[in-house]
file input-v7.txt (compact mmCIF, C-alpha atoms and all ligand atoms)
# COMPACT_ATOMS: atom_id res chain seq x y z
CA MET A 277 -67.40 70.14 -100.94
CA LEU A 278 -66.46 71.77 -97.62
CA VAL A 279 -68.59 71.84 -94.47
CA VAL A 280 -67.47 73.71 -91.36
CA ASP A 281 -69.81 73.02 -88.49
CA GLY A 282 -69.65 74.75 -85.11
CA LEU A 283 -65.85 74.86 -85.19
CA THR A 284 -64.55 76.05 -81.81
CA LYS A 285 -61.01 76.36 -80.51
CA LEU A 286 -60.11 78.42 -77.47
CA PHE A 287 -56.43 79.13 -76.89
CA PRO A 288 -55.05 79.75 -73.40
CA GLY A 289 -55.60 83.48 -72.91
CA GLY A 290 -59.10 83.39 -74.34
CA LYS A 291 -58.42 84.02 -78.04
CA GLY A 292 -59.48 81.62 -80.76
CA ILE A 293 -62.60 80.82 -82.78
CA SER A 294 -66.11 80.12 -81.58
CA ASP A 295 -68.92 78.24 -83.31
CA VAL A 296 -67.75 78.96 -86.87
CA SER A 297 -70.07 77.36 -89.45
CA PHE A 298 -70.25 77.71 -93.23
CA THR A 299 -70.32 75.54 -96.34
CA VAL A 300 -68.54 75.88 -99.65
CA GLU A 301 -70.22 74.25 -102.64
CA GLN A 302 -68.36 72.51 -105.43
CA GLY A 303 -67.11 75.03 -108.01
CA GLU A 304 -67.67 78.00 -105.72
CA VAL A 305 -65.11 80.65 -104.78
CA PHE A 306 -65.70 81.48 -101.14
CA GLY A 307 -64.04 84.43 -99.42
CA PHE A 308 -63.14 84.66 -95.78
CA ILE A 309 -62.63 88.25 -94.69
CA GLY A 310 -61.63 89.75 -91.38
CA PRO A 311 -59.13 92.00 -89.64
CA ASN A 312 -55.80 90.80 -88.18
CA GLY A 313 -56.26 88.28 -85.42
CA ALA A 314 -59.93 87.62 -86.27
CA GLY A 315 -59.41 83.86 -86.59
CA LYS A 316 -59.02 83.27 -90.33
CA SER A 317 -55.78 81.29 -90.13
CA THR A 318 -57.00 79.30 -87.12
CA THR A 319 -60.14 78.27 -89.03
CA ILE A 320 -58.10 77.36 -92.10
CA ARG A 321 -55.61 75.32 -90.05
CA HIS A 322 -58.54 73.27 -88.71
CA ILE A 323 -59.89 72.80 -92.22
CA MET A 324 -56.48 71.49 -93.25
CA GLY A 325 -56.51 69.02 -90.35
CA PHE A 326 -53.49 70.57 -88.62
CA MET A 327 -55.38 71.30 -85.39
CA LYS A 328 -57.87 69.36 -83.30
CA PRO A 329 -61.01 71.39 -82.59
CA ASP A 330 -62.35 71.71 -79.03
CA ARG A 331 -65.84 71.36 -80.50
CA GLY A 332 -67.38 71.08 -83.95
CA SER A 333 -65.83 69.75 -87.12
CA ALA A 334 -64.67 70.47 -90.64
CA SER A 335 -65.16 68.01 -93.48
CA ILE A 336 -64.10 67.90 -97.11
CA LYS A 337 -66.10 65.63 -99.43
CA GLY A 338 -67.60 64.06 -96.31
CA LEU A 339 -64.19 63.26 -94.75
CA ASP A 340 -63.44 64.67 -91.31
CA THR A 341 -60.36 66.84 -91.76
CA TRP A 342 -58.86 66.01 -88.35
CA LYS A 343 -59.61 62.28 -88.27
CA GLN A 344 -58.74 61.69 -91.94
CA GLN A 345 -56.14 64.38 -92.41
CA GLY A 346 -53.83 62.21 -94.56
CA ILE A 347 -56.49 61.60 -97.23
CA VAL A 348 -57.91 65.09 -97.04
CA GLN A 349 -54.58 66.86 -97.44
CA LYS A 350 -54.01 65.01 -100.73
CA LEU A 351 -57.27 66.40 -102.14
CA VAL A 352 -56.39 69.99 -101.38
CA GLY A 353 -53.97 72.63 -102.67
CA TYR A 354 -52.91 74.82 -99.76
CA LEU A 355 -51.15 78.15 -99.48
CA PRO A 356 -50.40 78.86 -95.82
CA GLY A 357 -50.35 82.41 -94.41
CA GLU A 358 -46.70 81.98 -93.52
CA ILE A 359 -44.92 79.45 -95.64
CA ALA A 360 -42.32 77.30 -93.95
CA PHE A 361 -39.84 76.34 -96.66
CA ILE A 362 -37.20 73.75 -96.23
CA GLU A 363 -33.92 75.53 -95.58
CA GLY A 364 -31.28 75.49 -98.27
CA MET A 365 -33.51 74.50 -101.21
CA THR A 366 -34.04 76.42 -104.41
CA GLY A 367 -37.62 77.08 -105.55
CA LYS A 368 -37.28 74.26 -108.09
CA GLU A 369 -36.00 71.76 -105.51
CA PHE A 370 -38.87 72.65 -103.19
CA LEU A 371 -41.47 72.20 -105.95
CA ASP A 372 -39.82 68.88 -107.02
CA PHE A 373 -40.02 67.72 -103.42
CA LEU A 374 -43.72 68.62 -103.20
CA ALA A 375 -44.47 67.05 -106.57
CA ARG A 376 -43.04 63.73 -105.35
CA MET A 377 -45.39 63.90 -102.34
CA GLN A 378 -48.38 64.92 -104.45
CA ARG A 379 -47.79 61.98 -106.82
CA VAL A 380 -49.37 63.73 -109.79
CA ASP A 381 -47.54 64.64 -112.99
CA SER A 382 -47.69 68.39 -112.69
CA THR A 383 -44.71 69.31 -114.91
CA ALA A 384 -46.63 71.11 -117.66
CA LYS A 385 -48.93 73.02 -115.32
CA ARG A 386 -46.02 73.98 -113.10
CA LYS A 387 -44.02 75.38 -116.04
CA GLN A 388 -47.02 77.35 -117.25
CA LEU A 389 -47.58 78.86 -113.76
CA ILE A 390 -43.91 79.81 -113.36
CA ASP A 391 -43.88 81.45 -116.83
CA ARG A 392 -46.94 83.50 -115.94
CA LEU A 393 -45.80 84.51 -112.46
CA GLN A 394 -42.42 85.47 -113.94
CA PHE A 395 -39.85 84.47 -111.38
CA ASP A 396 -36.56 82.59 -111.37
CA VAL A 397 -37.35 79.24 -109.82
CA THR A 398 -33.66 78.31 -109.53
CA THR A 399 -33.05 81.04 -106.90
CA PRO A 400 -32.29 79.68 -103.42
CA ILE A 401 -35.38 80.25 -101.26
CA ARG A 402 -33.39 82.01 -98.53
CA LYS A 403 -32.45 84.68 -101.09
CA MET A 404 -36.02 85.21 -102.30
CA SER A 405 -38.10 88.30 -101.49
CA LYS A 406 -41.46 87.84 -99.72
CA GLY A 407 -43.27 88.22 -103.04
CA MET A 408 -41.10 85.59 -104.76
CA LYS A 409 -41.70 83.13 -101.93
CA GLN A 410 -45.41 83.82 -102.24
CA LYS A 411 -45.21 82.95 -105.93
CA VAL A 412 -43.50 79.62 -105.13
CA GLY A 413 -46.33 78.96 -102.65
CA ILE A 414 -48.98 79.76 -105.27
CA VAL A 415 -47.35 77.39 -107.79
CA ALA A 416 -47.24 74.70 -105.08
CA ALA A 417 -50.95 75.12 -104.31
CA PHE A 418 -52.11 75.14 -107.95
CA MET A 419 -49.72 72.86 -109.87
CA HIS A 420 -51.30 69.46 -109.20
CA SER A 421 -54.78 70.74 -110.21
CA PRO A 422 -56.52 69.86 -106.91
CA GLU A 423 -60.31 69.96 -106.67
CA LEU A 424 -60.18 72.36 -103.72
CA ILE A 425 -57.63 75.14 -103.24
CA ILE A 426 -57.34 76.83 -99.83
CA LEU A 427 -55.41 80.08 -99.78
CA ASP A 428 -54.53 82.03 -96.65
CA GLU A 429 -54.00 85.66 -97.71
CA PRO A 430 -52.70 84.74 -101.16
CA THR A 431 -51.80 88.21 -102.42
CA SER A 432 -49.85 89.45 -99.42
CA GLY A 433 -46.41 90.52 -100.69
CA LEU A 434 -47.49 90.63 -104.36
CA ASP A 435 -47.30 93.88 -106.33
CA PRO A 436 -50.52 95.18 -108.01
CA LEU A 437 -49.65 93.61 -111.38
CA MET A 438 -49.12 90.21 -109.79
CA GLN A 439 -52.27 90.61 -107.68
CA GLN A 440 -54.17 91.11 -110.93
CA LEU A 441 -52.52 88.06 -112.48
CA PHE A 442 -53.38 86.03 -109.41
CA ILE A 443 -57.04 87.03 -109.78
CA GLU A 444 -56.93 85.88 -113.42
CA LEU A 445 -55.50 82.50 -112.32
CA VAL A 446 -58.33 82.04 -109.81
CA VAL A 447 -60.96 82.96 -112.41
CA GLU A 448 -59.47 80.48 -114.93
CA GLU A 449 -59.31 77.66 -112.37
CA LYS A 450 -62.86 78.38 -111.29
CA ALA A 451 -63.96 78.02 -114.93
CA ARG A 452 -62.39 74.53 -114.86
CA GLY A 453 -64.59 73.69 -111.85
CA THR A 454 -62.06 74.16 -109.04
CA THR A 455 -63.46 75.13 -105.64
CA PHE A 456 -61.71 77.84 -103.61
CA LEU A 457 -61.64 79.06 -100.06
CA MET A 458 -59.51 82.17 -99.68
CA SER A 459 -58.91 84.48 -96.78
CA SER A 460 -58.17 88.15 -97.24
CA HIS A 461 -58.05 91.54 -95.57
CA SER A 462 -59.08 93.14 -98.79
CA PHE A 463 -62.68 93.54 -99.88
CA PRO A 464 -61.85 94.57 -103.48
CA GLU A 465 -59.90 91.35 -103.98
CA ILE A 466 -62.75 89.24 -102.61
CA GLU A 467 -65.20 91.22 -104.72
CA ARG A 468 -63.32 90.44 -107.93
CA THR A 469 -63.06 86.71 -107.37
CA CYS A 470 -65.67 85.36 -104.95
CA ASP A 471 -69.25 84.16 -105.27
CA ARG A 472 -69.92 84.34 -101.55
CA ALA A 473 -68.00 85.61 -98.57
CA ALA A 474 -68.08 85.40 -94.79
CA ILE A 475 -66.88 88.09 -92.41
CA ILE A 476 -65.15 86.95 -89.24
CA LYS A 477 -64.52 89.22 -86.25
CA ASP A 478 -63.15 88.26 -82.82
CA GLY A 479 -63.35 84.57 -83.67
CA ARG A 480 -67.03 84.64 -84.69
CA LEU A 481 -68.70 84.77 -88.09
CA VAL A 482 -70.80 87.90 -88.27
CA ALA A 483 -72.28 87.51 -91.75
CA THR A 484 -72.19 85.39 -94.89
CA ASN A 485 -73.40 86.92 -98.13
CA ASN A 486 -73.65 86.46 -101.84
CA ILE A 487 -71.22 88.93 -103.42
CA HIS A 488 -73.24 89.40 -106.63
CA GLU A 489 -76.34 90.20 -104.61
CA LEU A 490 -74.35 92.75 -102.61
CA GLN A 491 -72.96 94.28 -105.78
CA SER A 492 -76.47 94.76 -107.12
CA MET A 493 -77.38 96.49 -103.86
CA GLN A 494 -74.33 98.73 -104.03
CA ARG A 495 -75.31 102.36 -104.61
CA LYS A 496 -73.28 104.35 -107.10
CA LEU A 497 -72.94 108.10 -106.81
CA VAL A 498 -72.78 109.80 -110.21
CA VAL A 499 -71.39 113.31 -110.29
CA ILE A 500 -72.64 115.15 -113.39
CA VAL A 501 -71.21 118.51 -114.38
CA PHE A 502 -73.54 120.22 -116.87
CA GLU A 503 -72.33 122.79 -119.36
CA HIS A 504 -74.80 125.38 -118.03
CA SER A 505 -76.29 125.85 -114.57
CA GLU A 506 -79.75 126.30 -116.17
CA ASP A 507 -79.43 122.77 -117.57
CA ALA A 508 -78.54 121.44 -114.12
CA GLU A 509 -81.57 123.20 -112.66
CA ALA A 510 -83.87 121.81 -115.37
CA PHE A 511 -82.48 118.29 -114.84
CA VAL A 512 -83.18 118.54 -111.09
CA ARG A 513 -86.63 120.09 -111.69
CA ASP A 514 -87.60 117.22 -114.06
CA GLY A 515 -87.25 114.93 -111.02
CA HIS A 516 -86.89 111.68 -112.99
CA VAL A 517 -83.82 110.49 -111.09
CA PRO A 518 -83.09 110.74 -107.34
CA VAL A 519 -80.80 113.74 -106.81
CA GLU A 520 -78.53 113.68 -103.75
CA SER A 521 -77.31 117.25 -104.10
CA HIS A 522 -77.21 120.17 -106.52
CA ASP A 523 -74.80 123.08 -106.61
CA GLY A 524 -74.57 125.35 -109.66
CA ARG A 525 -73.62 123.19 -112.64
CA ASN A 526 -72.91 120.13 -110.46
CA VAL A 527 -75.50 117.50 -109.68
CA ILE A 528 -74.92 114.29 -107.68
CA VAL A 529 -77.29 111.42 -108.40
CA ALA A 530 -77.58 108.11 -106.51
CA VAL A 531 -78.07 105.08 -108.76
CA GLN A 532 -78.75 101.50 -107.81
CA GLY A 533 -78.63 99.23 -110.83
CA ASN A 534 -80.77 101.31 -113.22
CA TYR A 535 -78.47 103.39 -115.40
CA ASN A 536 -80.74 103.74 -118.43
CA GLU A 537 -83.04 106.30 -116.91
CA LEU A 538 -80.09 108.44 -115.83
CA ILE A 539 -78.41 108.26 -119.25
CA HIS A 540 -81.68 109.09 -120.96
CA GLU A 541 -82.40 112.11 -118.73
CA ALA A 542 -78.86 113.49 -118.67
CA ALA A 543 -78.59 113.22 -122.48
CA LYS A 544 -81.33 115.84 -122.84
CA TYR A 545 -78.74 118.44 -121.78
CA LYS A 546 -75.14 119.21 -122.56
CA VAL A 547 -72.96 117.27 -120.10
CA ARG A 548 -69.39 118.45 -119.53
CA SER A 549 -68.19 115.52 -117.39
CA LEU A 550 -69.45 112.51 -115.50
CA ASP A 551 -67.76 110.63 -112.62
CA ILE A 552 -68.95 107.51 -110.83
CA THR A 553 -67.96 106.44 -107.31
CA ALA A 554 -69.18 103.24 -105.69
CA GLN A 555 -70.35 102.78 -102.14
CA ASN A 556 -67.81 100.67 -100.29
CA LEU A 557 -68.90 97.00 -100.55
CA GLU A 558 -67.96 96.37 -96.94
CA ASP A 559 -70.51 99.01 -95.90
CA VAL A 560 -73.15 97.31 -98.05
CA PHE A 561 -72.26 93.99 -96.44
CA MET A 562 -72.65 95.36 -92.92
CA GLN A 563 -75.82 97.32 -93.77
CA TYR A 564 -77.34 94.15 -95.20
CA TYR A 565 -76.37 92.26 -92.09
CA ASP A 566 -77.77 94.95 -89.76
CA ARG A 567 -81.06 94.98 -91.64
CA ASN A 568 -81.54 91.24 -91.83
CA ASP A 569 -79.80 89.73 -88.86
CA ALA A 570 -79.15 92.40 -86.26
CA GLY A 571 -79.26 91.00 -82.77
CA LYS A 572 -80.06 87.48 -83.88
CA GLY A 573 -76.48 86.34 -84.38
CA ALA A 574 -77.83 84.49 -87.39
CA VAL A 575 -76.08 84.13 -90.71
CA ALA A 576 -77.67 85.03 -94.02
CA GLY A 577 -77.07 82.69 -96.94
N1 LIG A 601 -51.37 78.66 -81.20
C1 LIG A 601 -51.92 79.74 -80.65
N2 LIG A 601 -51.85 79.93 -79.31
C2 LIG A 601 -52.45 81.02 -78.74
N3 LIG A 601 -53.12 81.97 -79.42
C3 LIG A 601 -53.20 81.82 -80.74
C4 LIG A 601 -52.61 80.70 -81.44
N4 LIG A 601 -52.88 80.84 -82.76
C5 LIG A 601 -53.60 81.97 -82.90
N5 LIG A 601 -53.80 82.57 -81.69
C6 LIG A 601 -54.59 83.80 -81.45
O1 LIG A 601 -55.90 83.59 -81.97
C7 LIG A 601 -56.37 84.76 -82.64
C8 LIG A 601 -56.72 84.44 -84.09
O2 LIG A 601 -55.52 84.26 -84.82
P1 LIG A 601 -55.48 83.94 -86.39
O3 LIG A 601 -54.04 83.75 -86.75
O4 LIG A 601 -56.41 82.86 -86.70
O5 LIG A 601 -56.01 85.31 -87.00
P2 LIG A 601 -56.12 85.78 -88.52
O6 LIG A 601 -57.52 86.21 -88.74
O7 LIG A 601 -55.57 84.75 -89.42
O8 LIG A 601 -55.19 87.06 -88.50
P3 LIG A 601 -54.10 87.60 -89.55
O9 LIG A 601 -54.85 88.34 -90.58
O10 LIG A 601 -53.30 88.51 -88.67
O11 LIG A 601 -53.32 86.43 -90.04
C9 LIG A 601 -55.28 85.80 -82.49
O12 LIG A 601 -55.58 86.62 -81.40
C10 LIG A 601 -54.04 84.97 -82.22
O13 LIG A 601 -53.10 85.71 -81.46
call {"tool": "encode", "arguments": {"input": "input-v7.txt", "output": "structure tokens"}}
result
Amino acid sequence: MLVVDGLTKLFPGGKGISDVSFTVEQGEVFGFIGPNGAGKSTTIRHIMGFMKPDRGSASIKGLDTWKQQGIVQKLVGYLPGEIAFIEGMTGKEFLDFLARMQRVDSTAKRKQLIDRLQFDVTTPIRKMSKGMKQKVGIVAAFMHSPELIILDEPTSGLDPLMQQLFIELVVEEKARGTTFLMSSHSFPEIERTCDRAAIIKDGRLVATNNIHELQSMQRKLVVIVFEHSEDAEAFVRDGHVPVESHDGRNVIVAVQGNYNELIHEAAKYKVRSLDITAQNLEDVFMQYYDRNDAGKGAVAG
């Protein structure tokens, strides 16, 4: 669906992106993660055909996004990082204006999105909060049911409830076969929606990974508090599960995927409480990268 190949753009002053390559398959949700200034928006602007690369290319369904920007932009729903609205319009007028350009009857879908995002579309845009404007932008990107939706930091400005709703919208659209590319600062958000993700730092991709594979590699630390310290000692002595630490009635166990053994062993004793904390997925991502690609500058699929 989307192929980014060696995309390079150097701005005066030396910032920009260098040799960025990745592909997004049809029906996939692909995350693009990186700190401020890493080059996410620059890459996305090239993919949208707004900028001419110094080297390399981006193509959507085989069409070069710079050379055939008019056709390409019609195929895509786009939420920019900073939305430039036309001054003086209400949300409704802006969406009507876009709908005329999109030339698709999006009335029903638009109404459904507005109902779910819960905002007053008749408010003048200049009076809207950042979050409300973001909602208008999300409706604009989704309403014409494009095959590919490109979102530049879609949840910035949204409260936690709306962030959750946004994730549900992405999951529903994905089930209908829509392809997504979305940039984010936030690993948890990417983790909840994406199949694969790429990390970009200082204008270069440092790793691309399958999120589900990373999740299965994620270690969980389980803190078990036993009713009696003798039980904790016996549990540790049995040695059936890898114990990280033991102190009185408290035992911390590291688990990677296999919970049955732990449940089986712990159930032999009286457990007072049990807490689970997950290893940060970003750490897993970087550990995986260090192990597989360190020094090679290569990208893991
Ligand atoms: N038109 C431009 N002229 C000069 N420098 C630019 C231009 N656009 C972006 N840059 C610089 O290129 C780098 C990458 O910017 P970009 O906006 O792509 O980052 P980003 O990853 O989207 O960051 P953020 O999360 O802050 O939006 C930054 O250092 C930025 O200052």
call {"tool": "residues_around", "arguments": {"input": "input-v7.txt", "residues": "stretch 322-331 of chain A", "least_positions_apart": "5", "cutoff": "8 Å", "atoms": "all atoms listed in the file", "output": "list in words"}}
result
Val280, Gly282, Leu283, Thr284, Lys285, Leu286, Thr341, Trp342, Lys343, Gln344, Gln345, Val348 and Gln349 of chain A
call {"tool": "residues_near_ligand", "arguments": {"input": "input-v7.txt", "ligand": "ligand LIG 601 (chain A)", "cutoff": "10 Å", "atoms": "only C-alpha atoms and all ligand atoms", "output": "ChimeraX atom specification"}}
result
/A:285-293,308-321,327,356-358,428-429,459-461,476-479
call {"tool": "residues_around", "arguments": {"input": "input-v7.txt", "residues": "A:Ile487", "least_positions_apart": "2", "cutoff": "8 Å", "atoms": "all atoms listed in the file", "output": "ChimeraX atom specification"}}
result
/A:467,470-473,485,489-491
call {"tool": "atom_distance", "arguments": {"input": "input-v7.txt", "atom1": "atom CA of A:Asp391", "atom2": "atom CA of A:Phe361"}}
result
21.2 Å
call {"tool": "closest_residue", "arguments": {"input": "input-v7.txt", "among": "A:Phe561, A:Asp507, A:Thr383, A:Leu424", "to": "A:Asn486", "atoms": "all atoms listed in the file"}}
result
A:Phe561
call {"tool": "closest_residue", "arguments": {"input": "input-v7.txt", "among": "A:Met458, A:Ala483, A:Leu434, A:Val447", "to": "A:Glu558", "atoms": "only C-alpha atoms"}}
result
A:Ala483
call {"tool": "residues_around", "arguments": {"input": "input-v7.txt", "residues": "A:Asn534", "least_positions_apart": "4", "cutoff": "12 Å", "atoms": "all atoms listed in the file", "output": "list of chain:residue names"}}
result
A:Ser492, A:Met493, A:Gln494, A:Arg495, A:Lys496, A:Val517, A:Pro518, A:Val529, A:Ala530, A:Leu538, A:Ile539, A:His540
